[in-house]
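A.B. asks: Enclosed is the structure file coords-v1.pdb (PDB, C-alpha atoms and all ligand atoms).
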```pdb
MODEL        1
ATOM      1  CA  MET Q   1    -185.537 -30.633   8.686
ATOM      2  CA  ASN Q   2    -182.502 -31.553  10.810
ATOM      3  CA  ARG Q   3    -180.737 -29.409  13.446
ATOM      4  CA  VAL Q   4    -178.431 -27.759  10.872
ATOM      5  CA  THR Q   5    -181.267 -26.713   8.651
ATOM      6  CA  ILE Q   6    -183.423 -25.339  11.482
ATOM      7  CA  THR Q   7    -180.381 -23.268  12.434
ATOM      8  CA  GLN Q   8    -180.144 -22.127   8.815
ATOM      9  CA  TYR Q   9    -183.866 -21.300   8.805
ATOM     10  CA  LEU Q  10    -183.512 -19.209  11.963
ATOM     11  CA  THR Q  11    -180.437 -17.410  10.638
ATOM     12  CA  GLU Q  12    -182.117 -16.603   7.330
ATOM     13  CA  LYS Q  13    -185.274 -15.253   8.964
ATOM     14  CA  LYS Q  14    -183.306 -13.357  11.587
ATOM     15  CA  ASN Q  15    -181.362 -11.610   8.808
ATOM     16  CA  VAL Q  16    -184.613 -10.622   7.085
ATOM     17  CA  VAL Q  17    -185.973  -9.213  10.369
ATOM     18  CA  ASP Q  18    -182.703  -7.447  11.245
ATOM     19  CA  ARG Q  19    -182.605  -5.721   7.854
ATOM     20  CA  ALA Q  20    -186.274  -4.680   8.100
ATOM     21  CA  ILE Q  21    -185.862  -3.320  11.638
ATOM     22  CA  LYS Q  22    -182.779  -1.297  10.711
ATOM     23  CA  LYS Q  23    -184.771   0.689   8.139
ATOM     24  CA  TYR Q  24    -186.968   2.066  10.937
ATOM     25  CA  PHE Q  25    -183.949   3.587  12.700
ATOM     26  CA  MET Q  26    -182.341   5.729  10.010
ATOM     27  CA  SER Q  27    -183.030   8.941  11.941
ATOM     28  CA  GLN Q  28    -179.937  10.558  13.438
ATOM     29  CA  GLU Q  29    -181.947  11.761  16.460
ATOM     30  CA  GLN Q  30    -180.351  10.646  19.721
ATOM     31  CA  LEU Q  31    -183.599   8.994  20.867
ATOM     32  CA  PHE Q  32    -183.598   6.754  17.780
ATOM     33  CA  ASN Q  33    -179.980   5.780  18.453
ATOM     34  CA  VAL Q  34    -180.865   4.885  22.039
ATOM     35  CA  MET Q  35    -183.890   2.841  20.913
ATOM     36  CA  TYR Q  36    -181.880   1.020  18.248
ATOM     37  CA  TYR Q  37    -179.061   0.268  20.688
ATOM     38  CA  SER Q  38    -181.456  -1.986  22.640
ATOM     39  CA  VAL Q  39    -183.378  -3.360  19.667
ATOM     40  CA  ASP Q  40    -180.130  -4.566  18.084
ATOM     41  CA  GLY Q  41    -178.890  -8.019  19.085
ATOM     42  CA  GLY Q  42    -181.985 -10.077  19.997
ATOM     43  CA  LYS Q  43    -182.634 -13.620  18.806
ATOM     44  CA  ARG Q  44    -185.814 -12.392  17.015
ATOM     45  CA  ILE Q  45    -187.844 -15.404  18.135
ATOM     46  CA  ARG Q  46    -191.162 -13.525  18.193
ATOM     47  CA  PRO Q  47    -190.912 -11.982  14.690
ATOM     48  CA  ILE Q  48    -189.644 -15.300  13.316
ATOM     49  CA  LEU Q  49    -192.688 -17.073  14.804
ATOM     50  CA  ALA Q  50    -194.963 -14.479  13.191
ATOM     51  CA  ILE Q  51    -193.339 -14.991   9.784
ATOM     52  CA  ALA Q  52    -193.320 -18.797  10.133
ATOM     53  CA  SER Q  53    -197.021 -18.722  10.976
ATOM     54  CA  PHE Q  54    -197.807 -16.369   8.094
ATOM     55  CA  GLU Q  55    -196.045 -18.708   5.648
ATOM     56  CA  SER Q  56    -197.440 -21.934   7.133
ATOM     57  CA  ASN Q  57    -200.926 -20.447   6.812
ATOM     58  CA  GLY Q  58    -200.379 -19.843   3.107
ATOM     59  CA  GLY Q  59    -199.190 -16.214   3.193
ATOM     60  CA  LYS Q  60    -197.091 -15.482   0.107
ATOM     61  CA  ASN Q  61    -195.883 -11.895   0.364
ATOM     62  CA  ILE Q  62    -193.685 -11.635   3.451
ATOM     63  CA  ASN Q  63    -193.839  -7.812   3.238
ATOM     64  CA  GLU Q  64    -197.444  -8.018   4.460
ATOM     65  CA  VAL Q  65    -196.353  -9.409   7.816
ATOM     66  CA  LEU Q  66    -192.845  -7.959   8.192
ATOM     67  CA  PRO Q  67    -193.788  -4.544   9.687
ATOM     68  CA  ILE Q  68    -195.979  -6.337  12.233
ATOM     69  CA  ALA Q  69    -193.202  -8.793  13.074
ATOM     70  CA  CYS Q  70    -190.838  -5.827  13.600
ATOM     71  CA  GLY Q  71    -193.428  -4.109  15.806
ATOM     72  CA  LEU Q  72    -193.595  -7.193  18.045
ATOM     73  CA  GLU Q  73    -189.816  -7.080  18.462
ATOM     74  CA  MET Q  74    -190.003  -3.398  19.423
ATOM     75  CA  ILE Q  75    -192.590  -4.085  22.120
ATOM     76  CA  HIS Q  76    -190.556  -7.040  23.368
ATOM     77  CA  THR Q  77    -187.462  -4.825  23.522
ATOM     78  CA  TYR Q  78    -189.345  -2.121  25.451
ATOM     79  CA  SER Q  79    -190.301  -4.756  28.033
ATOM     80  CA  LEU Q  80    -186.659  -5.841  28.387
ATOM     81  CA  ILE Q  81    -185.445  -2.230  28.817
ATOM     82  CA  HIS Q  82    -188.003  -1.567  31.529
ATOM     83  CA  ASP Q  83    -187.399  -4.963  33.158
ATOM     84  CA  ASP Q  84    -183.686  -4.148  33.500
ATOM     85  CA  LEU Q  85    -184.315  -0.876  35.368
ATOM     86  CA  PRO Q  86    -183.078  -0.609  38.975
ATOM     87  CA  SER Q  87    -186.678  -0.453  40.226
ATOM     88  CA  MET Q  88    -187.505  -3.721  38.455
ATOM     89  CA  ASP Q  89    -185.033  -6.577  37.873
ATOM     90  CA  ASN Q  90    -182.012  -4.269  38.145
ATOM     91  CA  ASP Q  91    -179.729  -5.754  35.516
ATOM     92  CA  ASP Q  92    -176.716  -4.051  33.946
ATOM     93  CA  PHE Q  93    -176.247  -6.515  31.089
ATOM     94  CA  ARG Q  94    -178.581  -7.329  28.202
ATOM     95  CA  ARG Q  95    -178.124  -8.699  24.697
ATOM     96  CA  GLY Q  96    -174.387  -9.008  25.313
ATOM     97  CA  LYS Q  97    -173.806  -5.374  26.276
ATOM     98  CA  ALA Q  98    -174.570  -2.770  28.938
ATOM     99  CA  SER Q  99    -178.315  -2.448  29.470
ATOM    100  CA  SER Q 100    -179.954   0.787  28.335
ATOM    101  CA  HIS Q 101    -180.079   2.598  31.695
ATOM    102  CA  LYS Q 102    -176.439   1.687  32.368
ATOM    103  CA  LYS Q 103    -175.370   3.154  29.029
ATOM    104  CA  PHE Q 104    -177.702   6.156  28.682
ATOM    105  CA  GLY Q 105    -179.099   6.777  32.162
ATOM    106  CA  GLU Q 106    -182.445   5.846  33.623
ATOM    107  CA  ALA Q 107    -184.518   8.648  32.109
ATOM    108  CA  MET Q 108    -183.392   7.934  28.532
ATOM    109  CA  ALA Q 109    -183.894   4.196  29.065
ATOM    110  CA  ILE Q 110    -187.486   4.713  30.223
ATOM    111  CA  LEU Q 111    -188.186   7.090  27.353
ATOM    112  CA  SER Q 112    -186.636   4.802  24.752
ATOM    113  CA  GLY Q 113    -188.943   2.012  25.990
ATOM    114  CA  ASP Q 114    -191.929   4.337  25.747
ATOM    115  CA  GLY Q 115    -190.818   5.326  22.239
ATOM    116  CA  LEU Q 116    -190.496   1.708  21.079
ATOM    117  CA  PHE Q 117    -193.911   0.807  22.450
ATOM    118  CA  ALA Q 118    -195.640   3.621  20.562
ATOM    119  CA  TYR Q 119    -193.526   3.175  17.415
ATOM    120  CA  ALA Q 120    -194.728  -0.443  17.174
ATOM    121  CA  PHE Q 121    -198.359   0.590  16.821
ATOM    122  CA  GLY Q 122    -197.446   2.746  13.820
ATOM    123  CA  LEU Q 123    -195.927  -0.345  12.216
ATOM    124  CA  PHE Q 124    -199.061  -2.387  12.871
ATOM    125  CA  THR Q 125    -200.982   0.073  10.690
ATOM    126  CA  GLU Q 126    -198.339   0.508   7.956
ATOM    127  CA  GLY Q 127    -199.649   0.367   4.352
ATOM    128  CA  ASN Q 128    -203.174   0.507   2.942
ATOM    129  CA  TYR Q 129    -203.745  -3.238   2.722
ATOM    130  CA  LEU Q 130    -205.485  -5.846   4.928
ATOM    131  CA  VAL Q 131    -207.018  -3.125   7.068
ATOM    132  CA  ASN Q 132    -209.461  -5.421   8.893
ATOM    133  CA  GLU Q 133    -206.700  -7.932   9.609
ATOM    134  CA  LYS Q 134    -204.556  -5.146  11.061
ATOM    135  CA  ILE Q 135    -207.376  -4.083  13.372
ATOM    136  CA  ALA Q 136    -207.576  -7.714  14.548
ATOM    137  CA  VAL Q 137    -203.783  -7.690  15.060
ATOM    138  CA  ILE Q 138    -203.923  -4.507  17.152
ATOM    139  CA  ARG Q 139    -206.750  -5.946  19.251
ATOM    140  CA  ALA Q 140    -204.786  -9.146  19.867
ATOM    141  CA  VAL Q 141    -201.564  -7.260  20.658
ATOM    142  CA  SER Q 142    -203.216  -4.877  23.092
ATOM    143  CA  GLU Q 143    -204.783  -7.809  24.978
ATOM    144  CA  VAL Q 144    -201.394  -9.461  25.478
ATOM    145  CA  VAL Q 145    -199.016  -6.553  26.117
ATOM    146  CA  GLY Q 146    -201.202  -4.833  28.705
ATOM    147  CA  PRO Q 147    -202.651  -5.421  32.162
ATOM    148  CA  ARG Q 148    -203.985  -8.875  31.241
ATOM    149  CA  GLY Q 149    -200.658 -10.012  29.807
ATOM    150  CA  ILE Q 150    -197.020  -8.997  30.152
ATOM    151  CA  VAL Q 151    -197.580  -6.022  32.475
ATOM    152  CA  TYR Q 152    -199.587  -8.269  34.818
ATOM    153  CA  GLY Q 153    -196.883 -10.936  34.491
ATOM    154  CA  GLN Q 154    -194.291  -8.380  35.520
ATOM    155  CA  VAL Q 155    -196.377  -7.299  38.536
ATOM    156  CA  LEU Q 156    -196.564 -10.945  39.656
ATOM    157  CA  ASP Q 157    -192.865 -11.401  38.933
ATOM    158  CA  ILE Q 158    -191.781  -8.537  41.205
ATOM    159  CA  THR Q 159    -194.133  -9.629  44.002
ATOM    160  CA  ASP Q 160    -192.486 -11.276  47.020
ATOM    161  CA  HIS Q 161    -193.415 -14.955  46.962
ATOM    162  CA  LYS Q 162    -193.395 -16.555  50.356
ATOM    163  CA  GLU Q 163    -193.820 -20.152  49.206
ATOM    164  CA  MET Q 164    -192.928 -22.259  46.191
ATOM    165  CA  ASN Q 165    -196.322 -22.405  44.594
ATOM    166  CA  PRO Q 166    -196.779 -24.241  41.217
ATOM    167  CA  LYS Q 167    -200.083 -22.477  40.546
ATOM    168  CA  GLU Q 168    -198.546 -19.032  40.995
ATOM    169  CA  LEU Q 169    -195.553 -20.030  38.872
ATOM    170  CA  ARG Q 170    -197.845 -21.080  36.037
ATOM    171  CA  LYS Q 171    -199.680 -17.736  36.228
ATOM    172  CA  ILE Q 172    -196.402 -15.798  36.031
ATOM    173  CA  HIS Q 173    -195.061 -17.846  33.100
ATOM    174  CA  LEU Q 174    -198.341 -17.622  31.230
ATOM    175  CA  ASN Q 175    -198.624 -13.857  31.536
ATOM    176  CA  LYS Q 176    -195.043 -12.673  31.290
ATOM    177  CA  THR Q 177    -193.977 -14.961  28.442
ATOM    178  CA  ALA Q 178    -196.358 -17.561  27.016
ATOM    179  CA  LYS Q 179    -199.086 -15.182  25.855
ATOM    180  CA  PHE Q 180    -196.579 -13.070  23.884
ATOM    181  CA  ILE Q 181    -195.108 -16.149  22.174
ATOM    182  CA  ALA Q 182    -198.620 -17.382  21.305
ATOM    183  CA  LEU Q 183    -199.555 -13.881  20.117
ATOM    184  CA  SER Q 184    -196.624 -13.887  17.677
ATOM    185  CA  ILE Q 185    -197.973 -17.041  16.031
ATOM    186  CA  LYS Q 186    -201.519 -15.652  16.094
ATOM    187  CA  VAL Q 187    -200.718 -12.390  14.289
ATOM    188  CA  GLY Q 188    -198.949 -14.283  11.480
ATOM    189  CA  ALA Q 189    -202.079 -16.376  11.029
ATOM    190  CA  ILE Q 190    -204.338 -13.307  11.082
ATOM    191  CA  MET Q 191    -202.269 -11.599   8.385
ATOM    192  CA  ALA Q 192    -202.390 -14.777   6.241
ATOM    193  CA  ARG Q 193    -206.207 -14.640   6.533
ATOM    194  CA  ALA Q 194    -206.374 -18.033   8.220
ATOM    195  CA  PRO Q 195    -209.811 -19.266   9.350
ATOM    196  CA  GLN Q 196    -210.812 -18.084  12.843
ATOM    197  CA  LYS Q 197    -210.859 -21.626  14.264
ATOM    198  CA  ARG Q 198    -207.281 -22.266  13.193
ATOM    199  CA  ILE Q 199    -206.151 -18.896  14.572
ATOM    200  CA  GLU Q 200    -207.578 -19.915  17.951
ATOM    201  CA  ARG Q 201    -205.993 -23.379  17.813
ATOM    202  CA  LEU Q 202    -202.639 -21.864  16.953
ATOM    203  CA  TYR Q 203    -202.892 -19.425  19.860
ATOM    204  CA  LYS Q 204    -203.668 -22.247  22.306
ATOM    205  CA  THR Q 205    -200.813 -24.379  20.991
ATOM    206  CA  GLY Q 206    -198.559 -21.320  21.081
ATOM    207  CA  LEU Q 207    -199.217 -21.096  24.821
ATOM    208  CA  TYR Q 208    -197.563 -24.524  25.263
ATOM    209  CA  LEU Q 209    -194.600 -23.327  23.214
ATOM    210  CA  GLY Q 210    -194.477 -20.143  25.312
ATOM    211  CA  MET Q 211    -194.518 -22.111  28.568
ATOM    212  CA  LEU Q 212    -191.680 -24.215  27.190
ATOM    213  CA  PHE Q 213    -189.790 -21.035  26.261
ATOM    214  CA  GLN Q 214    -189.999 -19.722  29.830
ATOM    215  CA  TYR Q 215    -189.067 -23.121  31.319
ATOM    216  CA  THR Q 216    -185.903 -23.186  29.209
ATOM    217  CA  ASP Q 217    -185.247 -19.545  30.189
ATOM    218  CA  ASP Q 218    -185.500 -20.531  33.878
ATOM    219  CA  ILE Q 219    -183.282 -23.589  33.356
ATOM    220  CA  LEU Q 220    -180.690 -21.503  31.492
ATOM    221  CA  ASP Q 221    -180.712 -19.034  34.379
ATOM    222  CA  VAL Q 222    -179.300 -21.904  36.472
ATOM    223  CA  ILE Q 223    -176.984 -23.667  34.005
ATOM    224  CA  GLY Q 224    -176.332 -21.068  31.246
ATOM    225  CA  GLU Q 225    -173.189 -19.032  30.556
ATOM    226  CA  LYS Q 226    -173.249 -15.230  30.641
ATOM    227  CA  GLU Q 227    -171.416 -14.763  27.311
ATOM    228  CA  LYS Q 228    -173.642 -17.202  25.451
ATOM    229  CA  LEU Q 229    -176.865 -15.946  27.030
ATOM    230  CA  GLY Q 230    -175.958 -12.279  26.596
ATOM    231  CA  LYS Q 231    -177.570 -11.648  29.980
ATOM    232  CA  THR Q 232    -176.766 -12.297  33.620
ATOM    233  CA  PRO Q 233    -177.435 -15.877  34.795
ATOM    234  CA  GLN Q 234    -178.099 -17.019  38.380
ATOM    235  CA  LYS Q 235    -180.479 -14.136  38.973
ATOM    236  CA  ASP Q 236    -183.667 -15.950  39.936
ATOM    237  CA  LYS Q 237    -182.227 -17.591  43.047
ATOM    238  CA  ALA Q 238    -180.316 -14.454  44.078
ATOM    239  CA  SER Q 239    -183.461 -12.306  43.859
ATOM    240  CA  GLY Q 240    -185.732 -14.971  45.423
ATOM    241  CA  LYS Q 241    -187.834 -15.173  42.251
ATOM    242  CA  LEU Q 242    -190.370 -17.876  41.636
ATOM    243  CA  ALA Q 243    -188.881 -19.946  38.793
ATOM    244  CA  ALA Q 244    -189.304 -23.510  37.519
ATOM    245  CA  PRO Q 245    -186.120 -24.985  39.088
ATOM    246  CA  SER Q 246    -186.932 -23.483  42.498
ATOM    247  CA  VAL Q 247    -190.422 -25.002  42.416
ATOM    248  CA  TYR Q 248    -189.702 -28.373  40.748
ATOM    249  CA  GLY Q 249    -185.912 -28.773  41.058
ATOM    250  CA  LEU Q 250    -183.700 -28.743  37.955
ATOM    251  CA  ALA Q 251    -184.588 -32.309  36.912
ATOM    252  CA  GLY Q 252    -188.295 -31.631  37.493
ATOM    253  CA  ALA Q 253    -188.132 -28.433  35.449
ATOM    254  CA  ARG Q 254    -186.414 -30.307  32.615
ATOM    255  CA  PHE Q 255    -189.064 -33.023  32.733
ATOM    256  CA  ARG Q 256    -191.887 -30.503  32.576
ATOM    257  CA  ALA Q 257    -190.175 -28.617  29.718
ATOM    258  CA  GLN Q 258    -190.054 -31.884  27.795
ATOM    259  CA  GLN Q 259    -193.767 -32.420  28.505
ATOM    260  CA  TYR Q 260    -194.680 -28.966  27.188
ATOM    261  CA  ALA Q 261    -192.592 -29.668  24.067
ATOM    262  CA  THR Q 262    -194.372 -32.978  23.493
ATOM    263  CA  LEU Q 263    -197.772 -31.354  23.901
ATOM    264  CA  ALA Q 264    -196.892 -28.489  21.554
ATOM    265  CA  LYS Q 265    -195.518 -30.811  18.876
ATOM    266  CA  LYS Q 266    -198.571 -33.073  19.053
ATOM    267  CA  ARG Q 267    -200.884 -30.095  18.522
ATOM    268  CA  PHE Q 268    -198.762 -28.563  15.745
ATOM    269  CA  SER Q 269    -198.593 -31.900  13.910
ATOM    270  CA  GLU Q 270    -202.401 -32.172  14.041
ATOM    271  CA  LEU Q 271    -202.546 -28.975  11.986
ATOM    272  CA  GLY Q 272    -200.879 -30.668   9.008
ATOM    273  CA  ALA Q 273    -197.551 -30.870   7.203
ATOM    274  CA  GLU Q 274    -197.495 -27.112   6.492
ATOM    275  CA  PHE Q 275    -196.840 -26.631  10.209
ATOM    276  CA  ASN Q 276    -193.813 -28.975  10.425
ATOM    277  CA  ILE Q 277    -191.564 -25.995  10.948
ATOM    278  CA  PHE Q 278    -193.255 -25.411  14.325
ATOM    279  CA  SER Q 279    -192.260 -28.872  15.543
ATOM    280  CA  GLN Q 280    -188.677 -28.071  14.537
ATOM    281  CA  LEU Q 281    -188.884 -24.714  16.323
ATOM    282  CA  THR Q 282    -190.258 -26.466  19.417
ATOM    283  CA  ASP Q 283    -187.295 -28.868  19.504
ATOM    284  CA  PHE Q 284    -184.908 -25.983  18.982
ATOM    285  CA  ILE Q 285    -186.416 -24.106  21.941
ATOM    286  CA  LEU Q 286    -186.329 -27.256  24.107
ATOM    287  CA  HIS Q 287    -182.620 -27.761  23.440
ATOM    288  CA  ARG Q 288    -181.542 -24.127  23.229
ATOM    289  CA  THR Q 289    -178.405 -22.946  24.992
ATOM    290  CA  PHE Q 290    -179.009 -19.169  24.595
TER
HETATM  291  C1  LIG K   1    -194.105  -4.021  31.065
HETATM  292  C2  LIG K   1    -192.013  -3.225  32.234
HETATM  293  C3  LIG K   1    -192.784  -4.297  31.643
HETATM  294  C4  LIG K   1    -192.295  -5.492  31.610
HETATM  295  C5  LIG K   1    -193.127  -6.579  31.243
HETATM  296  C6  LIG K   1    -192.406  -9.533  31.932
HETATM  297  C7  LIG K   1    -191.650  -8.522  31.188
HETATM  298  C8  LIG K   1    -192.381  -7.580  30.415
HETATM  299  C9  LIG K   1    -190.324  -8.425  31.197
HETATM  300  C10 LIG K   1    -189.552  -9.316  31.938
HETATM  301  C11 LIG K   1    -188.428  -9.850  31.112
HETATM  302  C12 LIG K   1    -188.589 -11.266  31.033
HETATM  303  C13 LIG K   1    -187.713 -12.127  31.840
HETATM  304  C14 LIG K   1    -189.522 -11.727  30.254
HETATM  305  C15 LIG K   1    -189.751 -13.093  30.085
HETATM  306  C16 LIG K   1    -189.650 -13.382  28.649
HETATM  307  C17 LIG K   1    -188.261 -13.672  28.232
HETATM  308  C18 LIG K   1    -187.758 -15.042  28.444
HETATM  309  C19 LIG K   1    -187.542 -12.705  27.701
HETATM  310  C20 LIG K   1    -186.255 -12.916  27.034
HETATM  311  O1  LIG K   1    -186.589 -13.108  25.678
HETATM  312  P1  LIG K   1    -185.570 -13.645  24.612
HETATM  313  O2  LIG K   1    -184.832 -14.821  25.176
HETATM  314  O3  LIG K   1    -184.552 -12.426  24.515
HETATM  315  O4  LIG K   1    -186.292 -13.848  23.342
HETATM  316  P2  LIG K   1    -183.869 -11.755  23.247
HETATM  317  O5  LIG K   1    -182.896 -10.770  23.821
HETATM  318  O6  LIG K   1    -183.180 -12.822  22.438
HETATM  319  O7  LIG K   1    -184.943 -11.095  22.470
ENDMDL
END
```
As structure tokens, please, write out the structure in this file.
Ligand code: GRG

C.D. replies:
Amino acid sequence: MNRVTITQYLTEKKNVVDRAIKKYFMSQEQLFNVMYYSVDGGKRIRPILAIASFESNGGKNINEVLPIACGLEMIHTYSLIHDDLPSMDNDDFRRGKASSHKKFGEAMAILSGDGLFAYAFGLFTEGNYLVNEKIAVIRAVSEVVGPRGIVYGQVLDITDHKEMNPKELRKIHLNKTAKFIALSIKVGAIMARAPQKRIERLYKTGLYLGMLFQYTDDILDVIGEKEKLGKTPQKDKASGKLAAPSVYGLAGARFRAQQYATLAKKRFSELGAEFNIFSQLTDFILHRTF
């Protein structure tokens, strides 16, 4: 698949996810409008990874994984809303528009994040099929979106770092980003009833992809454009955050991103031709500009 077709693949899947998500926000309640305001406009990388994994693992009926993919996006969006709050990263701009607290006030922003987090768990249990798989999904999700995953990553991220420490940087990247990316691939495999060994291999390989994702995020923070990114660049240096370019320099960060991509692609290719799409996704993430 060349660059045009991977773009087509991403567009197609994003449209499927966008349509599915919209159906969960038909309520005219103000809270639902506030939640949907933030959910709307993301790249949908995590749900797309879940769907790609489901299909690569032989899953046929996309409707079995779609509610779970949407739930992942809701949890991801909650984390962005809370990350943007004045007490956290304090950012007024997200997904190409005013961030939630800027538009609706801090209290509504916090509550909309809380609402999205809880709403997601309802989606993980939607329908009376694959009940055991859904329990495994909920277990995996709760491990990654809690105090041993993104919440821990956020705690490390807001901590004052006195020195440029590669070990600490790796811990932050792993917890705030890589585990969630790997989780997205894992839940697709669980829902496709993949063998346990492959689910574990996919999770481990997903961690490389997740590290790559955060490296490119850090690099784009230095070289990216606000309009294209849909968020404020040049924030890491301004806020004294530990990020790949501050630890390794821009060239060093690019080199390490390339290494993570190579590792990820090697592992994905070992899984067989059904997983080719993951090598294409890896290249896309390595070269992304938004
Ligand atoms: C639990 C409050 C709380 C936060 C924890 C770590 C974290 C979650 C939030 C920090 C936000 C952040 C910088 C996370 C790193 C992951 C990342 C690169 C997010 C941006 O994801 P994209 O690029 O964004 O997929 P879109 O908007 O396209 O979905």

A.B. asks: Could the residues that lie within 6 Å of ligand LIG 1 (chain K), counting only C-alpha atoms and all ligand atoms, be listed as a PyMOL selection string?

C.D. replies: chain Q and resi 42-45+79-80+82-83+95+150-151+153-154+176-177+214+217

A.B. asks: Report the residues retrieved by the PyMOL selection byres (((chain Q and resi 15) around 12) and not hetatm) from the displayed file, expressed as a PyMOL selection string.

C.D. replies: chain Q and resi 8-14+16-22+40-45+47-48

A.B. asks: Can you list what the PyMOL selection byres (((chain Q and resi 146) around 12) and not hetatm) grabs from this structure, as a ChimeraX atom specification?

C.D. replies: /Q:75,79,117,138-145,147-155,175-176,179-180

A.B. asks: When you draw a straight line from CA of Tyr37 in chain Q to CA of Asn90 in chain Q, how long is it in Å?

C.D. replies: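 These two atoms are separated by 18.3 Å.
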
A.B. asks: Write out as a list in words each polymer residue whose atoms come within 7 Å of range 119-126 of chain Q, counting all atoms listed in the file; drop sequence neighbours fewer than 2 positions from it.

C.D. replies: Pro67, Ile68, Gly71, Leu72, Met74, Ile75, Gly115, Leu116, Phe117, Asn128, Lys134 and Ile138 of chain Q

A.B. asks: I'd like the neighbourhood of Phe25 in chain Q as a PyMOL selection string, where a residue qualifies if any of its atoms comes within 9 Å (using all atoms listed in the file), though same-chain residues fewer than 5 positions away should be ignored.

C.D. replies: chain Q and resi 32-33+35-36

A.B. asks: Compile the contact shell of Leu220 in chain Q as number ranges by chain: residues with an atom at most 10 Å away, counting all atoms listed in the file, same-chain residues fewer than 6 positions apart removed.

C.D. replies: Q: 214, 226, 229, 233-234, 245, 288-290

A.B. asks: Given all atoms listed in the file as the basis, pick out the residue of Q:Arg170, Q:Asn165, Q:Ile185, Q:Leu202 nearest to Gly272 in chain Q.

C.D. replies: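 Nearest candidate to Gly272 in chain Q out of Q:Arg170, Q:Asn165, Q:Ile185, Q:Leu202: Q:Leu202.
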
A.B. asks: Considering all atoms listed in the file, state which residue in the set Q:Phe278, Q:Tyr78, Q:Glu133, Q:Phe104 is at the smallest distance from Pro195 in chain Q.

C.D. replies: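 Closest residue, counting all atoms listed in the file: Q:Glu133.
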
A.B. asks: Do you know which residues the PyMOL selection byres (((chain Q and resi 81) around 10) and not hetatm) returns on this file, as a ChimeraX atom specification?

C.D. replies: /Q:35,38-39,75-80,82-85,88,91,94,99-101,106,109-114

A.B. asks: So how many Å separate CA of Gln196 in chain Q and CA of Ser53 in chain Q, to one decimal?

C.D. replies: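 One can read the CA of Gln196 in chain Q to CA of Ser53 in chain Q distance as 13.9 Å.
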
A.B. asks: How far is it from CA of Asn63 in chain Q to CA of Lys23 in chain Q, in Å with one decimal?

C.D. replies: 13.4 Å

A.B. asks: Using all atoms listed in the file, which of Q:Ile285, Q:Ala244, Q:Leu130, Q:Leu250 sits nearest Ala264 in chain Q?

C.D. replies: Q:Ile285

A.B. asks: Take every atom of range 68-84 of chain Q listed in the file, pad by 3 Å on each side, and give me the axis-aligned box centre and edge lengths in Å, one decimal, as lines of an AutoDock Vina configuration file.

C.D. replies:
```
center_x = -189.8
center_y = -5.2
center_z = 22.9
size_x = 18.3
size_y = 13.2
size_z = 27.3
```

A.B. asks: With distances taken over all atoms listed in the file, which of Q:Leu183, Q:Leu212, Q:Ala243, Q:Met191 is nearest to Ala261 in chain Q?

C.D. replies: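 Checking each of Q:Leu183, Q:Leu212, Q:Ala243, Q:Met191 against Ala261 in chain Q, counting all atoms listed in the file, the winner is Q:Leu212.
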
A.B. asks: For Gly240 in chain Q, which residue among Q:Arg267, Q:Lys60, Q:Lys162, Q:Lys97 is the nearest when counting only C-alpha atoms?

C.D. replies: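 Among the listed residues, the smallest separation from Gly240 in chain Q belongs to Q:Lys162.
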